[in-house]
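Engineer: Quick one: structure below, then a few questions.
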Amino acid sequence: MFDTNTIEKFRDIPTPFYYYDVKLLKNTLDNLKEESVRHGFRLHYAVKANHNERILRIISSYGFGADCVSWNEIDAAIKAGFNPAEIVFAGVGKSDLEIINAIKAGIFCFNCESIPEMEVINEFAVKEKKTVRVALRINPLIDAHTHKYITTGIAESKFGINTWDLEAVLNRLNSLDNLKLIGIHFHVGSQITRLSVFKTLCTHINELQEWFSSKNAELKVINVGGGLGIDYDDPEKSPVFGEYFSLLREFIDLKPGQEIHAEPGRSIVGQCGTLISKVLYIKKGSNTNFAVIDAGMTDLIRPALYQAHHKIENLTSNGEPVRYDVVGPVCESSDTFAKFIVLPETKRGDIIAIRSAGAYGEAMASRYNLRNLAPAVFSDEL
Ligand code: LLP
């Protein structure tokens with residue numbers, strides 16, 4: 001909910017822009033910190049969800065680590081105050097330079113996905129005269145019951161090592177002198193709202209633990225990845241961190257001395273961000289009214305790419321309800337934020353809020369059509 005004071009201030013700011021509610025973000029982080037401490041989790045914020053510098057600074061101030069998928073993310077995280085010793089580096093395609101930089105930076109661990117990758121990391125570790133900590137990312141073959149583009153742990157996924165290849169991977173790893181196996185890593189998918197998916201993951205982790213024990217491979221770290229979903233219908237609702245952590249603690253059989261790690265992204269930053277836009281034109285279509293706004297898929301690609309639903313509000317009209325297709329100015333039919341939704345009667349100049357846009361919004365923006373990148377505005381700077 002935006003108060004009238006905030007909405008008045010929005011009128012004077014050129015649109016589109018990302019508005020971040022700092023208080024909400026901090027409340028979310030307070031809650032996350034409390035629950036993670038209560039349940040004994042070590043957290044690495046998934047920087048890919050939002051790499052805005054101020055957001056990173058706020059999150060790092062809570063003492064969390066970072067989960068990064070490129071050297072640029074690692075670099076941005078370190079510059080924003082994250083401790084390199086709490087940074088994990090994931091991804092199927094780490095480049096040579098990224099590997100070298102990450103080794104030099106002394107990150108916590110590489111989440112590895114294949115034998116060739118481990119061989120390359122070892123080669124550079126030898127050159128740097130360092131021992132590099134490695135966790136094996138395993139494909140758990142679990143359907144995350146989410147959109148297929150953000151399902152990452154099924155047979156056709158490019159991510160992770162298949163369990164039937166683990167023996168060969170472990171043997172090779174044991175022969176690479178400068179790598180040290182510290183744990184196993186998973187990520188089943190993103191925007192997971194059925195907690196039972198994580199329960200299935202726990203069963204899988206327990207089976208794998210037995211297998212690793214039988215091979216005398218010691219695992220200090222169990223990293224369950226990210227994926228906890230948010231409520232896109234209700235942007236005011238906080239993620240269920242407590243339930244999520246307690247389920248994982250209840251169903252994973254941690255061995256003495258083992259640590260449990262997680263990599264939340266969306267659940268931390270999703271609800272604090274809103275894309276604020278203005279209506280350019282109302283255009284009559286053959287069977288609908290188009291509300292053409294000045295934000296487009298270049299600012300928030302999720303609806304175009306995943307048919308994602310974001311709640312849309314007209315902040316400046318109290319008119320009668322009317323149906324609209326809310327569309328952007330980009331020259332693509334997929335540049336549509338919502339079809340056939342009800343808004344109070346909308347006119348040129350009205351302010352439109354696209355909610356729950358803090359995760360994978362600004363971070364996925366592009367300059368297609370040579371559009372400008374939407375700037376960020378923070379609630380405490382208004
Ligand atoms: N860890 C790994 C290894 C990941 O691949 C991801 C997300 C995360 C953690 C964080 O997941 P989260 O807690 O945010 O669900 N662009 C898509 C989401 C892609 C997620 C990719 N991996 C979207 O807009 O929905």
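Naming works like this for the structure tokens: A, B, ... for the chains as they're shown, residue 1 at the start of each chain, ligands 1 onward in shown order.
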Show me which residues line ligand 1, defined as having an atom within 7 Å of a ligand atom where only C-alpha atoms and all ligand atoms count, and present them as JSON, numbers by chain.
Structural biologist: {"A": [46, 49, 67, 90, 150, 186, 187, 189, 190, 191, 225, 226, 227, 228, 229, 263, 264, 265, 266, 267, 302, 359, 360]}
Engineer: Which residues are close to segment 125-136 of chain A, i.e. within 8 Å by only C-alpha atoms, leaving aside same-chain residues fewer than 2 positions away? Reply as a list in words.
Structural biologist: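 So the residues in contact are Ile100, Ile103, Lys104, Phe108, Cys109, Phe110, Asn111, Cys112, Glu113, Ile121, Asn122, Glu123, Ile138, Gly160, Ile161, Asp177, Asn178, Leu179, Lys180, Leu181, Ile182, Gly183, Ile184, His185 and Val221 of chain A.
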Engineer: Skip Leu208 of chain A itself and residues of its chain fewer than 5 positions away, then list as a PDB file with N, CA and C atoms, in the first residue's frame all residues within 9 Å of it, counting only C-alpha atoms.
Structural biologist:
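Written out: result_8.pdb:
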ATOM      1  N   THR A 163      22.957 -38.245 -10.596  1.00  0.00           N
ATOM      2  CA  THR A 163      23.417 -39.119  -9.501  1.00  0.00           C
ATOM      3  C   THR A 163      24.201 -40.327 -10.043  1.00  0.00           C
ATOM      4  N   THR A 203      14.369 -35.841   1.391  1.00  0.00           N
ATOM      5  CA  THR A 203      14.490 -37.296   1.272  1.00  0.00           C
ATOM      6  C   THR A 203      15.672 -37.644   0.372  1.00  0.00           C
ATOM      7  N   SER A 213      28.603 -41.319   2.540  1.00  0.00           N
ATOM      8  CA  SER A 213      29.212 -41.988   3.707  1.00  0.00           C
ATOM      9  C   SER A 213      29.828 -43.316   3.286  1.00  0.00           C
TER      10      SER A 213
END
Engineer: Write out as a PyMOL selection string the residues lying within 10 Å of Arg42 of chain A, counting only C-alpha atoms and excluding same-chain residues fewer than 3 positions away.
Structural biologist: chain A and resi 33+36-37+39+63-65+86+221+223+259-263
Engineer: Okay, now the selection with N, CA and C atoms, as a compact mmCIF listing (two decimals), in the first residue's frame?
Structural biologist:
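Listing of part13.txt after writing:
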# COMPACT_ATOMS: atom_id res chain seq x y z
N LYS A 33 16.81 -13.08 9.32
CA LYS A 33 17.96 -13.26 10.23
C LYS A 33 17.52 -14.07 11.46
N SER A 36 16.76 -17.67 10.48
CA SER A 36 17.94 -18.44 10.06
C SER A 36 18.81 -18.77 11.27
N VAL A 37 18.89 -17.83 12.21
CA VAL A 37 19.67 -18.10 13.43
C VAL A 37 18.96 -19.18 14.25
N HIS A 39 17.08 -21.53 13.32
CA HIS A 39 17.14 -22.87 12.75
C HIS A 39 18.56 -23.28 12.31
N GLY A 63 25.15 -9.39 7.56
CA GLY A 63 26.15 -10.44 7.77
C GLY A 63 25.92 -11.70 6.96
N PHE A 64 24.97 -11.66 6.01
CA PHE A 64 24.76 -12.84 5.17
C PHE A 64 25.89 -12.96 4.14
N GLY A 65 26.05 -14.16 3.60
CA GLY A 65 26.98 -14.36 2.50
C GLY A 65 26.26 -14.11 1.18
N GLU A 86 32.43 -15.77 2.55
CA GLU A 86 31.03 -16.24 2.65
C GLU A 86 30.37 -16.27 1.26
N VAL A 221 29.15 -29.46 4.35
CA VAL A 221 28.13 -28.48 3.97
C VAL A 221 27.01 -29.14 3.16
N ASN A 223 24.01 -27.70 1.09
CA ASN A 223 23.46 -26.43 0.59
C ASN A 223 22.20 -26.72 -0.23
N GLU A 259 26.94 -28.44 8.45
CA GLU A 259 26.28 -27.13 8.38
C GLU A 259 25.23 -27.16 7.29
N ILE A 260 24.15 -26.43 7.53
CA ILE A 260 23.15 -26.32 6.47
C ILE A 260 23.16 -24.90 5.92
N HIS A 261 23.23 -24.82 4.58
CA HIS A 261 23.30 -23.52 3.90
C HIS A 261 22.10 -23.38 2.95
N ALA A 262 21.70 -22.14 2.70
CA ALA A 262 20.65 -21.89 1.69
C ALA A 262 20.96 -20.60 0.96
N GLU A 263 20.32 -20.45 -0.22
CA GLU A 263 20.63 -19.32 -1.09
C GLU A 263 19.36 -18.60 -1.53
Engineer: Which polymer residues have any atom within 9 Å of an atom of Phe10 of chain A, counting only C-alpha atoms, with same-chain residues fewer than 3 positions away left out, as a VMD selection string?
Structural biologist: chain A and resid 5 to 7 13 to 15 276 351 382
Engineer: Using only C-alpha atoms, pick whichever of A:Asp294, A:Glu207, A:Asp380, A:Asp231 has the shortest atom-to-atom distance to Pro140 of chain A.
Structural biologist: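 So, comparing all the options, the nearest one is A:Glu207.
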